[in-house]
$ cat upload.txt   # compact mmCIF, C-alpha atoms and all ligand atoms
# COMPACT_ATOMS: atom_id res chain seq x y z
CA MET T 16 -57.75 -12.35 4.25
CA TYR T 17 -54.62 -10.42 5.19
CA ASN T 18 -51.53 -12.05 6.63
CA ILE T 19 -50.37 -9.56 9.25
CA THR T 20 -46.88 -10.12 10.65
CA PRO T 21 -46.90 -9.71 14.44
CA ARG T 22 -44.81 -6.96 16.04
CA PRO T 23 -41.44 -8.01 17.50
CA TYR T 24 -41.79 -8.49 21.27
CA LEU T 25 -38.81 -10.53 22.49
CA ALA T 26 -36.21 -7.79 22.98
CA ASN T 27 -36.86 -7.38 26.67
CA PRO T 28 -35.11 -8.98 29.69
CA GLN T 29 -38.29 -10.18 31.42
CA ILE T 30 -39.76 -11.74 28.28
CA THR T 31 -36.43 -13.33 27.30
CA ARG T 32 -36.11 -14.84 30.80
CA ALA T 33 -39.72 -16.09 30.67
CA VAL T 34 -39.18 -17.76 27.27
CA LEU T 35 -35.98 -19.45 28.47
CA GLU T 36 -37.70 -20.67 31.65
CA SER T 37 -40.86 -21.90 29.96
CA HIS T 38 -38.75 -24.04 27.61
CA LYS T 39 -36.33 -25.03 30.41
CA PHE T 40 -33.58 -23.88 28.07
CA VAL T 41 -30.04 -23.97 29.42
CA LEU T 42 -27.70 -21.46 27.79
CA GLN T 43 -24.76 -23.01 25.95
CA LYS T 44 -21.56 -21.04 26.43
CA LYS T 45 -19.83 -23.17 23.78
CA TYR T 46 -22.22 -21.75 21.16
CA GLY T 47 -21.63 -18.13 22.17
CA GLN T 48 -25.23 -17.60 23.32
CA ASN T 49 -25.62 -13.96 24.35
CA PHE T 50 -29.14 -12.89 23.42
CA LEU T 51 -30.03 -9.30 22.59
CA ILE T 52 -32.49 -7.61 24.95
CA ALA T 53 -32.25 -3.97 23.77
CA PRO T 54 -34.82 -2.86 21.14
CA HIS T 55 -32.79 0.22 20.07
CA VAL T 56 -29.85 -2.05 19.12
CA LEU T 57 -32.10 -4.26 17.00
CA GLU T 58 -33.60 -1.23 15.28
CA ASN T 59 -30.05 0.00 14.58
CA ILE T 60 -29.05 -3.32 13.04
CA VAL T 61 -32.08 -3.43 10.74
CA ALA T 62 -31.41 0.19 9.68
CA ALA T 63 -27.67 -0.43 9.11
CA ALA T 64 -28.49 -3.49 7.00
CA GLY T 65 -30.88 -1.41 4.89
CA ILE T 66 -33.52 -4.14 4.93
CA THR T 67 -36.51 -3.52 2.68
CA GLU T 68 -39.62 -5.55 1.93
CA ASP T 69 -37.96 -6.82 -1.27
CA ASP T 70 -35.06 -8.43 0.55
CA PHE T 71 -34.27 -12.03 1.29
CA VAL T 72 -32.23 -12.15 4.51
CA LEU T 73 -30.04 -14.91 5.88
CA GLU T 74 -29.74 -14.75 9.66
CA ILE T 75 -26.92 -16.68 11.32
CA GLY T 76 -27.74 -17.94 14.82
CA PRO T 77 -31.30 -16.77 15.61
CA GLY T 78 -31.10 -17.86 19.28
CA ILE T 79 -34.64 -17.54 20.65
CA GLY T 80 -35.67 -15.47 17.61
CA THR T 81 -35.24 -11.92 18.92
CA MET T 82 -33.57 -10.46 15.82
CA THR T 83 -35.48 -12.86 13.55
CA GLN T 84 -38.72 -11.14 14.57
CA TYR T 85 -37.31 -7.73 13.54
CA LEU T 86 -35.99 -9.11 10.26
CA ALA T 87 -39.30 -10.82 9.48
CA ALA T 88 -41.19 -7.59 10.14
CA ASN T 89 -39.01 -5.72 7.62
CA ALA T 90 -37.94 -8.21 4.91
CA ARG T 91 -39.75 -10.27 2.27
CA ALA T 92 -38.33 -13.54 3.56
CA VAL T 93 -35.88 -14.71 6.20
CA THR T 94 -33.94 -17.94 6.53
CA ALA T 95 -32.40 -18.41 9.97
CA VAL T 96 -29.69 -21.05 10.51
CA GLU T 97 -29.28 -22.29 14.09
CA ILE T 98 -26.80 -24.94 15.26
CA ASP T 99 -28.39 -25.68 18.66
CA ARG T 100 -31.07 -28.36 18.27
CA LYS T 101 -32.62 -27.39 21.61
CA LEU T 102 -33.47 -23.92 20.24
CA ILE T 103 -35.60 -25.29 17.39
CA PRO T 104 -38.77 -25.85 19.51
CA VAL T 105 -38.22 -22.45 21.13
CA LEU T 106 -38.10 -20.82 17.69
CA GLU T 107 -41.24 -22.71 16.59
CA ASP T 108 -42.95 -21.07 19.54
CA THR T 109 -41.57 -17.50 19.30
CA LEU T 110 -41.86 -17.27 15.51
CA GLN T 111 -45.49 -18.38 15.36
CA GLY T 112 -47.33 -16.02 13.06
CA PHE T 113 -44.13 -14.82 11.34
CA HIS T 114 -45.03 -16.56 8.09
CA ASN T 115 -42.05 -15.35 6.07
CA VAL T 116 -39.47 -17.14 8.26
CA GLU T 117 -37.84 -20.53 7.70
CA VAL T 118 -35.56 -22.02 10.36
CA ILE T 119 -32.81 -24.46 9.37
CA HIS T 120 -31.10 -26.57 12.02
CA GLN T 121 -27.48 -26.60 10.78
CA ASP T 122 -23.95 -25.35 11.36
CA ILE T 123 -23.65 -22.21 9.21
CA LEU T 124 -20.18 -23.28 8.10
CA LYS T 125 -21.79 -26.31 6.42
CA VAL T 126 -24.57 -24.45 4.62
CA ASP T 127 -24.35 -23.99 0.85
CA ILE T 128 -25.23 -20.28 0.81
CA ALA T 129 -25.02 -20.05 -2.98
CA ALA T 130 -27.69 -22.75 -3.27
CA LEU T 131 -29.83 -20.91 -0.72
CA ALA T 132 -29.59 -17.70 -2.76
CA ARG T 133 -30.51 -19.63 -5.92
CA GLU T 134 -33.50 -21.37 -4.35
CA ARG T 135 -34.88 -18.54 -2.22
CA ASN T 136 -33.80 -15.41 -4.10
CA GLU T 137 -33.49 -16.39 -7.78
CA GLY T 138 -29.69 -16.18 -7.42
CA LYS T 139 -29.87 -12.45 -6.69
CA PRO T 140 -27.64 -10.91 -3.98
CA ILE T 141 -28.80 -11.64 -0.45
CA LYS T 142 -28.27 -9.74 2.80
CA VAL T 143 -26.70 -11.45 5.77
CA VAL T 144 -27.50 -10.21 9.26
CA ALA T 145 -26.32 -11.69 12.57
CA ASN T 146 -25.44 -11.23 16.17
CA LEU T 147 -22.51 -13.56 15.61
CA PRO T 148 -21.38 -16.26 17.99
CA TYR T 149 -18.02 -14.76 18.98
CA TYR T 150 -16.12 -18.08 19.02
CA ILE T 151 -16.32 -18.40 15.22
CA THR T 152 -16.69 -14.80 14.03
CA THR T 153 -13.64 -14.86 11.75
CA PRO T 154 -14.32 -18.15 9.91
CA ILE T 155 -17.94 -17.11 9.32
CA ILE T 156 -16.98 -13.71 7.89
CA MET T 157 -14.14 -15.13 5.79
CA ASN T 158 -16.51 -17.74 4.42
CA LEU T 159 -19.18 -15.18 3.51
CA LEU T 160 -16.62 -12.95 1.83
CA LYS T 161 -14.75 -15.56 -0.12
CA GLN T 162 -17.39 -18.05 -1.01
CA SER T 163 -18.47 -17.10 -4.48
CA VAL T 164 -21.98 -16.34 -3.31
CA PRO T 165 -24.13 -13.37 -4.19
CA VAL T 166 -24.04 -11.40 -0.92
CA SER T 167 -24.63 -7.67 -1.22
CA GLY T 168 -24.20 -6.76 2.42
CA ILE T 169 -23.16 -8.31 5.70
CA THR T 170 -24.34 -6.62 8.90
CA VAL T 171 -23.03 -8.24 12.02
CA MET T 172 -22.53 -7.77 15.74
CA VAL T 173 -18.95 -8.66 16.63
CA GLN T 174 -16.53 -8.04 19.50
CA ARG T 175 -15.34 -4.48 19.24
CA GLU T 176 -11.72 -5.54 18.75
CA VAL T 177 -12.74 -7.41 15.58
CA THR T 178 -13.73 -4.10 13.99
CA ASP T 179 -10.17 -2.85 14.66
CA ARG T 180 -8.83 -5.89 12.82
CA MET T 181 -11.17 -5.21 9.90
CA GLN T 182 -10.04 -1.61 9.54
CA SER T 183 -6.30 -1.84 10.24
CA GLY T 184 -3.33 -1.69 7.86
CA PRO T 185 0.42 -2.47 7.88
CA GLY T 186 2.24 -1.45 11.06
CA SER T 187 -0.67 -2.36 13.34
CA LYS T 188 -0.70 -5.51 15.49
CA ASP T 189 -4.34 -5.93 14.43
CA TYR T 190 -3.42 -6.21 10.73
CA GLY T 191 -3.91 -9.72 9.36
CA ALA T 192 -5.73 -12.01 6.98
CA LEU T 193 -9.15 -10.73 8.15
CA SER T 194 -8.15 -7.09 7.45
CA LEU T 195 -7.07 -7.94 3.91
CA ALA T 196 -10.08 -10.12 3.11
CA VAL T 197 -12.53 -7.51 4.40
CA GLN T 198 -10.81 -4.60 2.65
CA TYR T 199 -10.52 -6.52 -0.65
CA PHE T 200 -14.20 -7.44 -0.77
CA ALA T 201 -16.04 -4.73 1.14
CA LYS T 202 -16.13 -1.36 2.78
CA PRO T 203 -16.43 -1.77 6.57
CA GLN T 204 -18.57 0.80 8.41
CA ILE T 205 -19.18 0.79 12.16
CA ALA T 206 -22.89 1.36 12.74
CA ALA T 207 -22.94 1.24 16.56
CA VAL T 208 -20.90 0.43 19.63
CA VAL T 209 -22.90 -1.82 21.95
CA THR T 210 -22.38 -2.16 25.71
CA PRO T 211 -22.55 -5.54 27.53
CA ASP T 212 -25.85 -4.64 29.28
CA CYS T 213 -27.68 -4.98 25.94
CA PHE T 214 -27.26 -8.79 26.12
CA MET T 215 -28.41 -11.65 28.32
CA PRO T 216 -26.10 -12.97 29.69
CA GLN T 217 -23.69 -10.03 29.45
CA PRO T 218 -20.47 -10.66 27.51
CA LYS T 219 -17.18 -9.55 29.11
CA VAL T 220 -16.29 -7.15 26.31
CA GLU T 221 -17.83 -4.31 24.29
CA SER T 222 -19.38 -5.20 20.97
CA ALA T 223 -19.98 -3.31 17.74
CA VAL T 224 -22.30 -3.55 14.77
CA VAL T 225 -20.38 -3.44 11.51
CA HIS T 226 -21.83 -3.19 8.03
CA LEU T 227 -19.78 -4.61 5.17
CA ALA T 228 -21.04 -3.24 1.87
CA ARG T 229 -19.65 -5.56 -0.76
CA TYR T 230 -17.80 -3.87 -3.64
CA GLU T 231 -18.99 -4.58 -7.14
CA ASN T 232 -15.32 -4.53 -8.13
CA PRO T 233 -12.52 -4.94 -5.58
CA PRO T 234 -10.28 -1.88 -5.10
CA VAL T 235 -7.27 -3.72 -6.60
CA CYS T 236 -7.02 -5.76 -9.76
CA VAL T 237 -6.02 -9.40 -9.16
CA GLU T 238 -5.78 -12.11 -11.81
CA ASP T 239 -5.88 -15.03 -9.37
CA GLU T 240 -7.84 -14.36 -6.16
CA LYS T 241 -7.11 -17.82 -4.77
CA LEU T 242 -3.38 -17.18 -5.10
CA LEU T 243 -3.74 -13.75 -3.45
CA PHE T 244 -5.33 -15.28 -0.35
CA SER T 245 -2.85 -18.18 -0.27
CA LEU T 246 -0.06 -15.56 -0.19
CA VAL T 247 -1.83 -13.65 2.57
CA ARG T 248 -2.37 -16.81 4.65
CA ALA T 249 1.25 -17.90 4.21
CA SER T 250 2.51 -14.45 5.23
CA PHE T 251 0.43 -14.17 8.39
CA ASN T 252 0.73 -17.82 9.47
CA GLN T 253 4.40 -17.05 10.09
CA ARG T 254 4.21 -13.32 10.59
CA ARG T 255 7.63 -12.91 12.27
CA LYS T 256 9.41 -14.64 9.36
CA THR T 257 10.60 -12.90 6.19
CA LEU T 258 8.16 -13.02 3.30
CA VAL T 259 10.58 -15.27 1.38
CA ASN T 260 10.59 -17.88 4.17
CA GLY T 261 6.87 -17.57 4.87
CA LEU T 262 6.01 -18.27 1.23
CA LYS T 263 8.68 -20.95 0.77
CA ASN T 264 7.38 -22.92 3.79
CA SER T 265 3.73 -22.78 2.72
CA PRO T 266 2.40 -26.23 1.72
CA GLU T 267 -0.45 -24.71 -0.29
CA LEU T 268 1.89 -22.67 -2.54
CA SER T 269 4.84 -24.93 -3.51
CA LEU T 270 6.89 -22.01 -4.85
CA LYS T 271 10.64 -22.12 -5.48
CA LYS T 272 12.87 -19.73 -3.51
CA GLU T 273 14.25 -18.06 -6.68
CA GLU T 274 10.75 -17.56 -8.02
CA ILE T 275 9.67 -15.89 -4.76
CA GLU T 276 12.76 -13.69 -4.63
CA SER T 277 12.39 -12.44 -8.18
CA ALA T 278 8.68 -11.66 -7.60
CA ILE T 279 9.50 -9.68 -4.44
CA GLU T 280 12.15 -7.73 -6.33
CA ALA T 281 9.71 -7.14 -9.18
CA ILE T 282 7.34 -5.32 -6.80
CA GLY T 283 10.23 -3.17 -5.54
CA LYS T 284 10.64 -4.68 -2.07
CA PRO T 285 13.86 -5.87 -0.40
CA LEU T 286 14.33 -9.62 0.15
CA THR T 287 14.33 -9.03 3.92
CA VAL T 288 10.76 -7.69 3.87
CA ARG T 289 8.17 -9.29 6.18
CA GLY T 290 4.73 -10.11 4.77
CA GLU T 291 2.94 -8.20 7.52
CA THR T 292 4.36 -4.92 6.15
CA LEU T 293 2.76 -5.32 2.69
CA THR T 294 -0.33 -3.33 1.77
CA LEU T 295 -3.29 -4.83 -0.08
CA GLU T 296 -1.97 -3.22 -3.29
CA GLU T 297 1.45 -4.84 -2.76
CA PHE T 298 -0.03 -8.28 -2.06
CA ALA T 299 -2.08 -7.88 -5.25
CA ALA T 300 1.02 -6.90 -7.25
CA LEU T 301 2.92 -9.91 -5.86
CA ALA T 302 0.06 -12.25 -6.77
CA ASN T 303 -0.05 -10.82 -10.29
CA VAL T 304 3.71 -11.24 -10.84
CA LEU T 305 3.56 -14.85 -9.60
CA SER T 306 0.46 -15.75 -11.61
CA SER T 307 1.97 -14.33 -14.80
CA ASN T 308 5.01 -16.58 -14.12
CA PHE T 309 2.69 -19.60 -13.95
CA VAL T 310 1.18 -18.76 -17.33
CA ALA T 311 4.60 -18.21 -18.96
N1 LIG T 401 -29.61 -13.74 17.22
C1 LIG T 401 -29.82 -13.99 18.63
C2 LIG T 401 -29.87 -12.66 19.38
O1 LIG T 401 -29.34 -11.70 18.84
O2 LIG T 401 -30.40 -12.63 20.47
C3 LIG T 401 -28.75 -14.92 19.20
C4 LIG T 401 -27.31 -14.49 18.99
S1 LIG T 401 -26.14 -15.47 19.90
C5 LIG T 401 -24.82 -14.31 20.06
C6 LIG T 401 -25.44 -16.56 18.67
C7 LIG T 401 -26.35 -17.66 18.17
O3 LIG T 401 -25.65 -18.40 17.16
C8 LIG T 401 -26.76 -18.68 19.22
O4 LIG T 401 -28.14 -18.92 19.09
C9 LIG T 401 -25.96 -19.94 18.88
O5 LIG T 401 -26.59 -21.13 19.28
C10 LIG T 401 -25.85 -19.80 17.35
N2 LIG T 401 -24.70 -20.48 16.75
C11 LIG T 401 -23.48 -20.73 17.31
N3 LIG T 401 -22.67 -21.35 16.43
C12 LIG T 401 -23.39 -21.51 15.28
C13 LIG T 401 -23.10 -22.10 14.02
N4 LIG T 401 -21.91 -22.64 13.74
N5 LIG T 401 -24.07 -22.11 13.07
C14 LIG T 401 -25.30 -21.56 13.33
N6 LIG T 401 -25.62 -21.00 14.52
C15 LIG T 401 -24.69 -20.96 15.48

$ encode --input "upload.txt" --output "structure tokens"
Amino acid sequence: MYNITPRPYLANPQITRAVLESHKFVLQKKYGQNFLIAPHVLENIVAAAGITEDDFVLEIGPGIGTMTQYLAANARAVTAVEIDRKLIPVLEDTLQGFHNVEVIHQDILKVDIAALARERNEGKPIKVVANLPYYITTPIIMNLLKQSVPVSGITVMVQREVTDRMQSGPGSKDYGALSLAVQYFAKPQIAAVVTPDCFMPQPKVESAVVHLARYENPPVCVEDEKLLFSLVRASFNQRRKTLVNGLKNSPELSLKKEEIESAIEAIGKPLTVRGETLTLEEFAALANVLSSNFVA
């Protein structure tokens, strides 16, 4: 007997409304619940993610299962992690017949993604796809990038302004810790700009689908990645301060002022420089000077 995966059918305003009503589901603003209702957007996401029938996909926040259905129809297996307990019975209903889907009721920030990749994908790189809840977009992306998990690609719907932060460099108000983390680990590509009428309910802002293709090797050489990101955090936590003061005040670094000053001079910058003006290459050089001091 053949196991035929049903065709996705939820991406439609009438059907979405009917599912919500039949389960008496009340949308939770606090969880960023804006469900997709536009099939062309879902097809775009699946294409941008490059999902094939060999892939194991982790979906963050399946909602009522709209994107999950598309992922299940294209991937080998899908694990969908949903925080809202009240959506679990809805998903049991809408994902009936999609035999390659597993739903986990959990906060994605508490999931051990490395263990998931080991158990479900023999430790091989997994693909992450999501229409992200906008209230925690940055922590989720930072976690996926930094956690030492095998993730080959991250394809996510985010607020459009987040894509500016991912792509910006020194001199822009959008430049920050997210820009540096994204650009160190991956190449960001905008796959689509998505208007509010593609969601139910409609968000107030435009959205965009971004694909982060993870580099095999980061574009800069860094001996101590943890130190690099501690420097970045310290610089942008106090972005109006000089780099010397930002680093000196950081509790996670415990660096002496003289040590900081000599490292800044070693990378050819004046002592008055602010951290927000440093490029990724310059942060990497600073981290390397400081980590070689630790070894000495
Ligand atoms: N994927 C669905 C779609 O595209 O229609 C729903 C996307 S909706 C923007 C975000 C979903 O993430 C909601 O279902 C919400 O309950 C869920 N969510 C919010 N915070 C979460 C968290 N910390 N962990 C897992 N899921 C979360």

$ residues_near_ligand --input "upload.txt" --ligand "ligand LIG 401 (chain T)" --cutoff "8 Å" --atoms "all atoms listed in the file" --output "PDB file with C-alpha atoms, keeping the file's coordinate frame"
ATOM      1  CA  ALA T  26     -36.210  -7.790  22.980  1.00  0.00           C
ATOM      2  CA  GLN T  43     -24.760 -23.010  25.950  1.00  0.00           C
ATOM      3  CA  LYS T  45     -19.830 -23.170  23.780  1.00  0.00           C
ATOM      4  CA  TYR T  46     -22.220 -21.750  21.160  1.00  0.00           C
ATOM      5  CA  GLY T  47     -21.630 -18.130  22.170  1.00  0.00           C
ATOM      6  CA  GLN T  48     -25.230 -17.600  23.320  1.00  0.00           C
ATOM      7  CA  ASN T  49     -25.620 -13.960  24.350  1.00  0.00           C
ATOM      8  CA  PHE T  50     -29.140 -12.890  23.420  1.00  0.00           C
ATOM      9  CA  LEU T  51     -30.030  -9.300  22.590  1.00  0.00           C
ATOM     10  CA  ILE T  52     -32.490  -7.610  24.950  1.00  0.00           C
ATOM     11  CA  GLU T  74     -29.740 -14.750   9.660  1.00  0.00           C
ATOM     12  CA  ILE T  75     -26.920 -16.680  11.320  1.00  0.00           C
ATOM     13  CA  GLY T  76     -27.740 -17.940  14.820  1.00  0.00           C
ATOM     14  CA  PRO T  77     -31.300 -16.770  15.610  1.00  0.00           C
ATOM     15  CA  GLY T  78     -31.100 -17.860  19.280  1.00  0.00           C
ATOM     16  CA  ILE T  79     -34.640 -17.540  20.650  1.00  0.00           C
ATOM     17  CA  GLY T  80     -35.670 -15.470  17.610  1.00  0.00           C
ATOM     18  CA  THR T  81     -35.240 -11.920  18.920  1.00  0.00           C
ATOM     19  CA  MET T  82     -33.570 -10.460  15.820  1.00  0.00           C
ATOM     20  CA  THR T  83     -35.480 -12.860  13.550  1.00  0.00           C
ATOM     21  CA  VAL T  96     -29.690 -21.050  10.510  1.00  0.00           C
ATOM     22  CA  GLU T  97     -29.280 -22.290  14.090  1.00  0.00           C
ATOM     23  CA  ILE T  98     -26.800 -24.940  15.260  1.00  0.00           C
ATOM     24  CA  ASP T  99     -28.390 -25.680  18.660  1.00  0.00           C
ATOM     25  CA  LEU T 102     -33.470 -23.920  20.240  1.00  0.00           C
ATOM     26  CA  HIS T 120     -31.100 -26.570  12.020  1.00  0.00           C
ATOM     27  CA  GLN T 121     -27.480 -26.600  10.780  1.00  0.00           C
ATOM     28  CA  ASP T 122     -23.950 -25.350  11.360  1.00  0.00           C
ATOM     29  CA  ILE T 123     -23.650 -22.210   9.210  1.00  0.00           C
ATOM     30  CA  LEU T 124     -20.180 -23.280   8.100  1.00  0.00           C
ATOM     31  CA  ALA T 145     -26.320 -11.690  12.570  1.00  0.00           C
ATOM     32  CA  ASN T 146     -25.440 -11.230  16.170  1.00  0.00           C
ATOM     33  CA  LEU T 147     -22.510 -13.560  15.610  1.00  0.00           C
ATOM     34  CA  PRO T 148     -21.380 -16.260  17.990  1.00  0.00           C
ATOM     35  CA  TYR T 149     -18.020 -14.760  18.980  1.00  0.00           C
ATOM     36  CA  TYR T 150     -16.120 -18.080  19.020  1.00  0.00           C
ATOM     37  CA  ILE T 151     -16.320 -18.400  15.220  1.00  0.00           C
ATOM     38  CA  PHE T 214     -27.260  -8.790  26.120  1.00  0.00           C
TER      39      PHE T 214
END

$ atom_distance --input "upload.txt" --atom1 "atom CA of Thr94 of chain T" --atom2 "atom CA of Leu160 of chain T"
18.6 Å

$ closest_residue --input "upload.txt" --among "T:Gly290, T:Ala88, T:Gly283, T:Ala206" --to "Ala64 of chain T" --atoms "all atoms listed in the file"
T:Ala206

$ residues_around --input "upload.txt" --residues "segment 258-269 of chain T" --least-positions-apart "2" --cutoff "7 Å" --atoms "only C-alpha atoms" --output "PyMOL selection string"
chain T and resi 245-246+249-250+253+256+271-272+275-276+286+288-290

$ write_last_selection --input "upload.txt" --atoms "C-alpha atoms" --output "PDB file, in the coordinates of the input"
ATOM      1  CA  SER T 245      -2.850 -18.180  -0.270  1.00  0.00           C
ATOM      2  CA  LEU T 246      -0.060 -15.560  -0.190  1.00  0.00           C
ATOM      3  CA  ALA T 249       1.250 -17.900   4.210  1.00  0.00           C
ATOM      4  CA  SER T 250       2.510 -14.450   5.230  1.00  0.00           C
ATOM      5  CA  GLN T 253       4.400 -17.050  10.090  1.00  0.00           C
ATOM      6  CA  LYS T 256       9.410 -14.640   9.360  1.00  0.00           C
ATOM      7  CA  LYS T 271      10.640 -22.120  -5.480  1.00  0.00           C
ATOM      8  CA  LYS T 272      12.870 -19.730  -3.510  1.00  0.00           C
ATOM      9  CA  ILE T 275       9.670 -15.890  -4.760  1.00  0.00           C
ATOM     10  CA  GLU T 276      12.760 -13.690  -4.630  1.00  0.00           C
ATOM     11  CA  LEU T 286      14.330  -9.620   0.150  1.00  0.00           C
ATOM     12  CA  VAL T 288      10.760  -7.690   3.870  1.00  0.00           C
ATOM     13  CA  ARG T 289       8.170  -9.290   6.180  1.00  0.00           C
ATOM     14  CA  GLY T 290       4.730 -10.110   4.770  1.00  0.00           C
TER      15      GLY T 290
END

$ atom_distance --input "upload.txt" --atom1 "atom CA of Ala302 of chain T" --atom2 "atom CA of Asp239 of chain T"
7.1 Å

$ decode --input "upload.txt" --residues "segment 194-212 of chain T" --atoms "N, CA and C atoms" --output "compact mmCIF listing (two decimals), in the first residue's frame"
# COMPACT_ATOMS: atom_id res chain seq x y z
N SER T 194 23.69 41.98 12.69
CA SER T 194 24.39 42.12 11.40
C SER T 194 25.67 41.28 11.42
N LEU T 195 26.44 41.43 12.51
CA LEU T 195 27.74 40.76 12.56
C LEU T 195 27.59 39.24 12.68
N ALA T 196 26.61 38.81 13.48
CA ALA T 196 26.42 37.35 13.62
C ALA T 196 25.99 36.75 12.29
N VAL T 197 25.03 37.40 11.63
CA VAL T 197 24.54 36.87 10.35
C VAL T 197 25.68 36.84 9.33
N GLN T 198 26.42 37.95 9.22
CA GLN T 198 27.43 38.03 8.17
C GLN T 198 28.66 37.14 8.47
N TYR T 199 28.87 36.81 9.73
CA TYR T 199 29.97 35.90 10.07
C TYR T 199 29.61 34.46 9.69
N PHE T 200 28.34 34.09 9.92
CA PHE T 200 27.97 32.69 9.73
C PHE T 200 27.34 32.38 8.38
N ALA T 201 26.74 33.40 7.74
CA ALA T 201 25.91 33.06 6.57
C ALA T 201 25.84 34.20 5.57
N LYS T 202 25.34 33.82 4.39
CA LYS T 202 25.13 34.83 3.36
C LYS T 202 23.61 35.09 3.29
N PRO T 203 23.19 36.32 3.68
CA PRO T 203 21.74 36.59 3.64
C PRO T 203 21.25 36.95 2.25
N GLN T 204 20.16 36.32 1.82
CA GLN T 204 19.56 36.64 0.51
C GLN T 204 18.06 36.84 0.70
N ILE T 205 17.56 37.97 0.21
CA ILE T 205 16.13 38.24 0.32
C ILE T 205 15.41 37.49 -0.81
N ALA T 206 14.50 36.61 -0.43
CA ALA T 206 13.80 35.82 -1.45
C ALA T 206 12.49 36.48 -1.87
N ALA T 207 11.86 37.24 -0.99
CA ALA T 207 10.58 37.88 -1.34
C ALA T 207 10.22 38.94 -0.33
N VAL T 208 9.54 39.97 -0.81
CA VAL T 208 8.95 40.96 0.10
C VAL T 208 7.47 40.61 0.16
N VAL T 209 6.92 40.59 1.38
CA VAL T 209 5.56 40.07 1.55
C VAL T 209 4.67 41.15 2.20
N THR T 210 3.54 41.41 1.57
CA THR T 210 2.65 42.48 2.05
C THR T 210 1.74 41.95 3.17
N PRO T 211 1.23 42.86 4.03
CA PRO T 211 0.42 42.43 5.18
C PRO T 211 -0.81 41.60 4.81
N ASP T 212 -1.37 41.79 3.59
CA ASP T 212 -2.60 41.06 3.25
C ASP T 212 -2.37 39.56 3.00
